[in-house]
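**Q** Would you mind keeping the following structure in view while I ask a few things?
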Amino acid sequence: MSETRTTTGNDEVTVLLTGAGAPGAWGIIRSLRATERPVHIVGVDMDPDAYGFALVDDGYRVPAGTDEAYVPRIAELAAEADIDVVLPLTTDELQPLAERRGEIPARVMVSDADALSVANDKAALYEFLEERGFDSAPEFVHVDDEASFVEAADALGYPERPICFKPTVGSGMRGFRILDDDADQLTRLLEEKPEEAVTTLEEVRPVLAQADPFPELVVMEYLPGAEYSVDALALGDSVGPVVPRTRAQTRAGITFQGVVEENEQLIEEAGDICRELELEYNVNLQFKYDADGTPKLIEINPRVAGTIVMCVGAGANMPYLGLKHALGEDLPPVDVRWGTWMSRYWDEVFRAPSGETYRIGGEQTPSPKPTQ
């Protein structure tokens with residue numbers, strides 16, 4: 001790896017932003033723009049039609065994060081574009097980038113590979129929390145065949161009480177289901193959207209029985225309380241700002257309404273977990289309260305979260321603080337405006353036949369032409 005340059009707080013910095021088509025890319029791009037210094041953003045994505053290409057300064061198409069050619073392509077672009085920092089937005093890219101960061105001539109905002117292997121695997125994460133005595137460890141069973149799945153459901157109290165399950169590795173709401181025999185079936189049929197997560201063991205068991213191989217799953221207690229997303233700037237053996245926010249309204253796992261809340265219990269628990277795991281850079285921790293009022297950790301996203309712009313609107317520009325940490329610069333004090341409320345809405349990007357991209361009411365700008 002070639003040496004990376006030393007910067008000060010006012011120098012222009014060039015960032016390679018992966019996952020330009022990720023749902024949260026627009027908010028993170030705006031966060032990087034809303035700083036005291038010029039930030040040149042090079043966006044990459046495997047989709048040539050990723051909407052983020054219309055929002056960045058330069059754009060390139062790259063292989064999928066799981067492709068063997070992915071890291072070499074990122075390294076090539078980092079050298080060609082004189083990249084200072086690589087900021088990944090999607091989960092699949094994290095482990096390859098962590099394991100091969102030495103090949104990339106730029107600072108890469110990912111935790112060490114060993115820490116990621118725990119944070120990204122829910123079974124390993126829950127076991128870690130349990131072994132270290134964290135109160136936020138949920139009650140769970142790790143299963144890898146149909147028989148153990150049914151046994152786990154019984155052990156956790158189903159059908160007398162609802163439970164849930166999800167893949168050990170995944171992001172968003174993918175694969176998450178709640179098993180609840182007491183749910184109003186007519187309401188589910190007529191009033192809820194088809195992607196509703198509530199189902200029954202009888203409905204899912206025939207599907208799982210046909211799986212070959214059977215997926216690794218965690219079967220866990222159902223948590224009926226309020227859900228929070230906590231953004232933290234992890235610094236390895238210490239932690240910077242920690243900002244909890246409510247998830248009052250979500251769609252496909254993405255927060256559409258919420259409030260930035262000074263919840264000291266979550267601030268302390270999230271900080272302790274980040275330190276114990278020795279995570280680094282931006283980390284997102286998802287908590288949900290159980291029936292007794294205890295917050296349980298349901299997952300960690302060891303990367304910039306899609307709705308981290310909510311923190312930015314409350315005075316804590318977490319993506320930029322992560323960038324400054326990557327550059328080795330001193331972090332400024334943060335004054336969070338607790339109680340800030342956010343509501344998200346949709347926006348559209350259009351592409352004219354000429355290739356120019358624009359938004360209604362916005363200026364027309366040339367679209368970067370992503371190349372392989």
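So you can find residues: chains in the structure tokens are A, B, ... in the order shown, residues in each start at 1, and ligands are numbered from 1 in order.
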Please tabulate, as a tab-separated table, the residues of stretch 98-213 of chain A that come within 8 Å of stretch 73-83 of chain A, each with its closest pair of atoms and the distance in Å to one decimal, counting only C-alpha atoms and ordering rows by chain, then residue number upward.

**A**
residue	atom	partner	partner_atom	distance
A:Glu103	CA	A:Ala75	CA	6.4
A:Ile104	CA	A:Ala75	CA	4.4
A:Pro105	CA	A:Ala78	CA	6.1
A:Ala106	CA	A:Ile83	CA	6.0

**Q** So that I can check the surroundings of stretch 155-166 of chain A, please list as a list in words every protein, DNA and RNA residue that reaches within 9 Å of it, counting only C-alpha atoms and ignoring chain neighbours fewer than 6 positions away.

**A** Lys122, Glu139, Phe140, Val141, Met173, Arg174, Gly175, Phe176, Arg177, Ile178, Leu179, Asp180, Asp181, Asp182, Val198, Thr200, Leu201, Glu216, Leu217, Val218, Val219, Met220, Glu221, Tyr222 and Leu223 of chain A

**Q** Could you jot down the atom CA of A:Arg61 to atom CA of A:Gly19 separation for me, Å, one decimal place?

**A** 10.0 Å

**Q** Nearest to A:Gln95 among A:Asp231, A:Ala211, A:Pro295, A:Arg303, with distances taken over only C-alpha atoms: which residue is it?

**A**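 For A:Gln95, the nearest of the given residues is A:Arg303.
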
**Q** Identify all residues of stretch 234-306 of chain A in strand (DSSP E or B) (DSSP on the backbone) and supply them as a JSON list (two decimals) with N, CA, C and O atoms, in the first residue's frame.

**A**
[["chain", "number", "residue", "atom", "x", "y", "z"],
["A", 234, "ALA", "N", -17.03, 4.79, 16.99],
["A", 234, "ALA", "CA", -16.16, 3.91, 17.77],
["A", 234, "ALA", "C", -14.70, 4.23, 17.44],
["A", 234, "ALA", "O", -14.35, 4.44, 16.27],
["A", 235, "LEU", "N", -13.87, 4.23, 18.46],
["A", 235, "LEU", "CA", -12.46, 4.60, 18.30],
["A", 235, "LEU", "C", -11.54, 3.48, 18.76],
["A", 235, "LEU", "O", -10.41, 3.73, 19.19],
["A", 239, "VAL", "N", -14.69, 5.51, 22.73],
["A", 239, "VAL", "CA", -15.83, 5.83, 21.88],
["A", 239, "VAL", "C", -16.05, 7.33, 21.89],
["A", 239, "VAL", "O", -15.84, 7.99, 22.90],
["A", 240, "GLY", "N", -16.43, 7.88, 20.73],
["A", 240, "GLY", "CA", -16.74, 9.29, 20.61],
["A", 240, "GLY", "C", -18.21, 9.54, 20.86],
["A", 240, "GLY", "O", -18.82, 8.89, 21.73],
["A", 241, "PRO", "N", -18.84, 10.41, 20.11],
["A", 241, "PRO", "CA", -20.26, 10.70, 20.31],
["A", 241, "PRO", "C", -21.13, 9.46, 20.09],
["A", 241, "PRO", "O", -20.85, 8.65, 19.22],
["A", 242, "VAL", "N", -22.17, 9.35, 20.91],
["A", 242, "VAL", "CA", -23.16, 8.27, 20.78],
["A", 242, "VAL", "C", -24.54, 8.93, 20.76],
["A", 242, "VAL", "O", -24.89, 9.65, 21.69],
["A", 243, "VAL", "N", -25.31, 8.69, 19.70],
["A", 243, "VAL", "CA", -26.57, 9.40, 19.50],
["A", 243, "VAL", "C", -27.71, 8.41, 19.28],
["A", 243, "VAL", "O", -27.83, 7.82, 18.20],
["A", 244, "PRO", "N", -28.58, 8.23, 20.28],
["A", 244, "PRO", "CA", -29.76, 7.36, 20.09],
["A", 244, "PRO", "C", -30.87, 8.13, 19.37],
["A", 244, "PRO", "O", -31.02, 9.34, 19.52],
["A", 245, "ARG", "N", -31.65, 7.39, 18.60],
["A", 245, "ARG", "CA", -32.81, 7.98, 17.93],
["A", 245, "ARG", "C", -33.93, 6.94, 17.87],
["A", 245, "ARG", "O", -33.68, 5.75, 17.69],
["A", 246, "THR", "N", -35.15, 7.39, 18.03],
["A", 246, "THR", "CA", -36.29, 6.49, 17.99],
["A", 246, "THR", "C", -36.59, 6.09, 16.54],
["A", 246, "THR", "O", -36.21, 6.78, 15.60],
["A", 249, "GLN", "N", -41.46, 5.33, 12.89],
["A", 249, "GLN", "CA", -42.09, 4.80, 11.68],
["A", 249, "GLN", "C", -41.00, 4.27, 10.77],
["A", 249, "GLN", "O", -40.04, 4.98, 10.46],
["A", 250, "THR", "N", -41.13, 3.01, 10.36],
["A", 250, "THR", "CA", -40.11, 2.41, 9.50],
["A", 250, "THR", "C", -40.78, 1.78, 8.28],
["A", 250, "THR", "O", -41.94, 1.37, 8.34],
["A", 251, "ARG", "N", -40.01, 1.69, 7.21],
["A", 251, "ARG", "CA", -40.45, 1.00, 6.00],
["A", 251, "ARG", "C", -39.27, 0.20, 5.48],
["A", 251, "ARG", "O", -38.20, 0.77, 5.23],
["A", 254, "ILE", "N", -36.03, 0.86, 7.19],
["A", 254, "ILE", "CA", -35.46, 2.20, 7.13],
["A", 254, "ILE", "C", -36.35, 3.16, 7.91],
["A", 254, "ILE", "O", -37.58, 3.17, 7.75],
["A", 255, "THR", "N", -35.75, 3.99, 8.77],
["A", 255, "THR", "CA", -36.50, 4.94, 9.57],
["A", 255, "THR", "C", -37.05, 6.07, 8.71],
["A", 255, "THR", "O", -36.31, 6.72, 7.97],
["A", 256, "PHE", "N", -38.34, 6.32, 8.83],
["A", 256, "PHE", "CA", -38.97, 7.43, 8.12],
["A", 256, "PHE", "C", -39.42, 8.53, 9.07],
["A", 256, "PHE", "O", -39.63, 9.66, 8.64],
["A", 257, "GLN", "N", -39.59, 8.22, 10.33],
["A", 257, "GLN", "CA", -39.89, 9.23, 11.34],
["A", 257, "GLN", "C", -39.22, 8.82, 12.64],
["A", 257, "GLN", "O", -39.18, 7.64, 12.98],
["A", 258, "GLY", "N", -38.71, 9.81, 13.37],
["A", 258, "GLY", "CA", -38.10, 9.52, 14.65],
["A", 258, "GLY", "C", -37.62, 10.78, 15.34],
["A", 258, "GLY", "O", -37.66, 11.87, 14.77],
["A", 259, "VAL", "N", -37.15, 10.60, 16.56],
["A", 259, "VAL", "CA", -36.68, 11.71, 17.39],
["A", 259, "VAL", "C", -35.31, 11.36, 17.94],
["A", 259, "VAL", "O", -35.08, 10.23, 18.39],
["A", 260, "VAL", "N", -34.39, 12.31, 17.91],
["A", 260, "VAL", "CA", -33.07, 12.14, 18.54],
["A", 260, "VAL", "C", -33.26, 12.31, 20.04],
["A", 260, "VAL", "O", -33.69, 13.37, 20.50],
["A", 280, "GLU", "N", -14.38, 0.14, 15.22],
["A", 280, "GLU", "CA", -13.82, 1.44, 14.86],
["A", 280, "GLU", "C", -14.66, 2.08, 13.76],
["A", 280, "GLU", "O", -15.29, 1.39, 12.98],
["A", 281, "TYR", "N", -14.64, 3.40, 13.75],
["A", 281, "TYR", "CA", -15.38, 4.23, 12.80],
["A", 281, "TYR", "C", -16.87, 4.21, 13.13],
["A", 281, "TYR", "O", -17.28, 3.89, 14.22],
["A", 282, "ASN", "N", -17.71, 4.56, 12.14],
["A", 282, "ASN", "CA", -19.14, 4.67, 12.39],
["A", 282, "ASN", "C", -19.77, 3.30, 12.60],
["A", 282, "ASN", "O", -19.54, 2.37, 11.83],
["A", 283, "VAL", "N", -20.56, 3.20, 13.65],
["A", 283, "VAL", "CA", -21.23, 1.95, 14.00],
["A", 283, "VAL", "C", -22.69, 2.27, 14.33],
["A", 283, "VAL", "O", -22.98, 3.27, 14.98],
["A", 284, "ASN", "N", -23.59, 1.42, 13.86],
["A", 284, "ASN", "CA", -25.00, 1.57, 14.17],
["A", 284, "ASN", "C", -25.47, 0.35, 14.96],
["A", 284, "ASN", "O", -25.24, -0.79, 14.54],
["A", 285, "LEU", "N", -26.10, 0.58, 16.10],
["A", 285, "LEU", "CA", -26.60, -0.49, 16.96],
["A", 285, "LEU", "C", -28.11, -0.37, 17.08],
["A", 285, "LEU", "O", -28.63, 0.72, 17.36],
["A", 286, "GLN", "N", -28.81, -1.48, 16.85],
["A", 286, "GLN", "CA", -30.27, -1.49, 16.91],
["A", 286, "GLN", "C", -30.72, -2.16, 18.21],
["A", 286, "GLN", "O", -30.33, -3.30, 18.48],
["A", 287, "PHE", "N", -31.52, -1.44, 18.99],
["A", 287, "PHE", "CA", -32.04, -1.96, 20.25],
["A", 287, "PHE", "C", -33.57, -2.00, 20.20],
["A", 287, "PHE", "O", -34.20, -1.18, 19.54],
["A", 288, "LYS", "N", -34.14, -2.97, 20.94],
["A", 288, "LYS", "CA", -35.59, -3.02, 21.12],
["A", 288, "LYS", "C", -35.86, -3.43, 22.57],
["A", 288, "LYS", "O", -35.16, -4.29, 23.11],
["A", 289, "TYR", "N", -36.85, -2.80, 23.17],
["A", 289, "TYR", "CA", -37.14, -3.07, 24.58],
["A", 289, "TYR", "C", -38.02, -4.31, 24.74],
["A", 289, "TYR", "O", -38.94, -4.54, 23.95],
["A", 295, "PRO", "N", -33.65, -2.83, 27.40],
["A", 295, "PRO", "CA", -33.29, -2.77, 25.98],
["A", 295, "PRO", "C", -32.42, -3.96, 25.60],
["A", 295, "PRO", "O", -31.45, -4.28, 26.28],
["A", 296, "LYS", "N", -32.77, -4.63, 24.51],
["A", 296, "LYS", "CA", -32.00, -5.76, 24.00],
["A", 296, "LYS", "C", -31.41, -5.39, 22.64],
["A", 296, "LYS", "O", -32.10, -4.81, 21.80],
["A", 297, "LEU", "N", -30.16, -5.76, 22.44],
["A", 297, "LEU", "CA", -29.52, -5.49, 21.16],
["A", 297, "LEU", "C", -30.01, -6.51, 20.14],
["A", 297, "LEU", "O", -29.91, -7.72, 20.36],
["A", 298, "ILE", "N", -30.52, -6.04, 19.01],
["A", 298, "ILE", "CA", -31.00, -6.98, 17.99],
["A", 298, "ILE", "C", -30.01, -7.10, 16.83],
["A", 298, "ILE", "O", -29.94, -8.14, 16.19],
["A", 299, "GLU", "N", -29.22, -6.06, 16.57],
["A", 299, "GLU", "CA", -28.19, -6.20, 15.56],
["A", 299, "GLU", "C", -27.23, -5.02, 15.59],
["A", 299, "GLU", "O", -27.54, -3.97, 16.15],
["A", 300, "ILE", "N", -26.06, -5.23, 14.99],
["A", 300, "ILE", "CA", -25.07, -4.17, 14.81],
["A", 300, "ILE", "C", -24.79, -4.05, 13.31],
["A", 300, "ILE", "O", -24.59, -5.04, 12.62],
["A", 301, "ASN", "N", -24.78, -2.81, 12.83],
["A", 301, "ASN", "CA", -24.32, -2.51, 11.49],
["A", 301, "ASN", "C", -23.00, -1.76, 11.64],
["A", 301, "ASN", "O", -23.01, -0.56, 11.94]]

**Q** Just list as a list in words whatever in stretch 135-262 of chain A DSSP marks as helix (DSSP H, G or I).

**A**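 Result set for stretch 135-262 of chain A (helix (DSSP H, G or I)): Glu146, Ala147, Ser148, Phe149, Val150, Glu151, Ala152, Ala153, Asp154, Ala155, Gln185, Leu186, Thr187, Arg188, Leu189, Leu190, Leu201, Glu202, Glu203, Val204, Arg205, Pro206, Val207, Leu208 and Ala209 of chain A.
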
**Q** Might you pull out every residue within 8 Å of A:Asp45, with only C-alpha atoms counted and same-chain residues fewer than 6 positions away left off, and present them as JSON, numbers by chain?

**A** {"A": [18, 19, 20, 21, 60, 61, 62, 63, 64]}

**Q** What gap, in Å, lies between atom CA of A:Leu116 and atom CA of A:Thr91?

**A**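 Going from atom CA of A:Leu116 over to atom CA of A:Thr91 covers 10.0 Å.
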
**Q** From the set A:Ala22, A:Cys274, A:Ala119, A:Ile41, which residue has the shortest atom-to-atom contact distance to A:Val56, counting only C-alpha atoms?

**A** A:Ile41
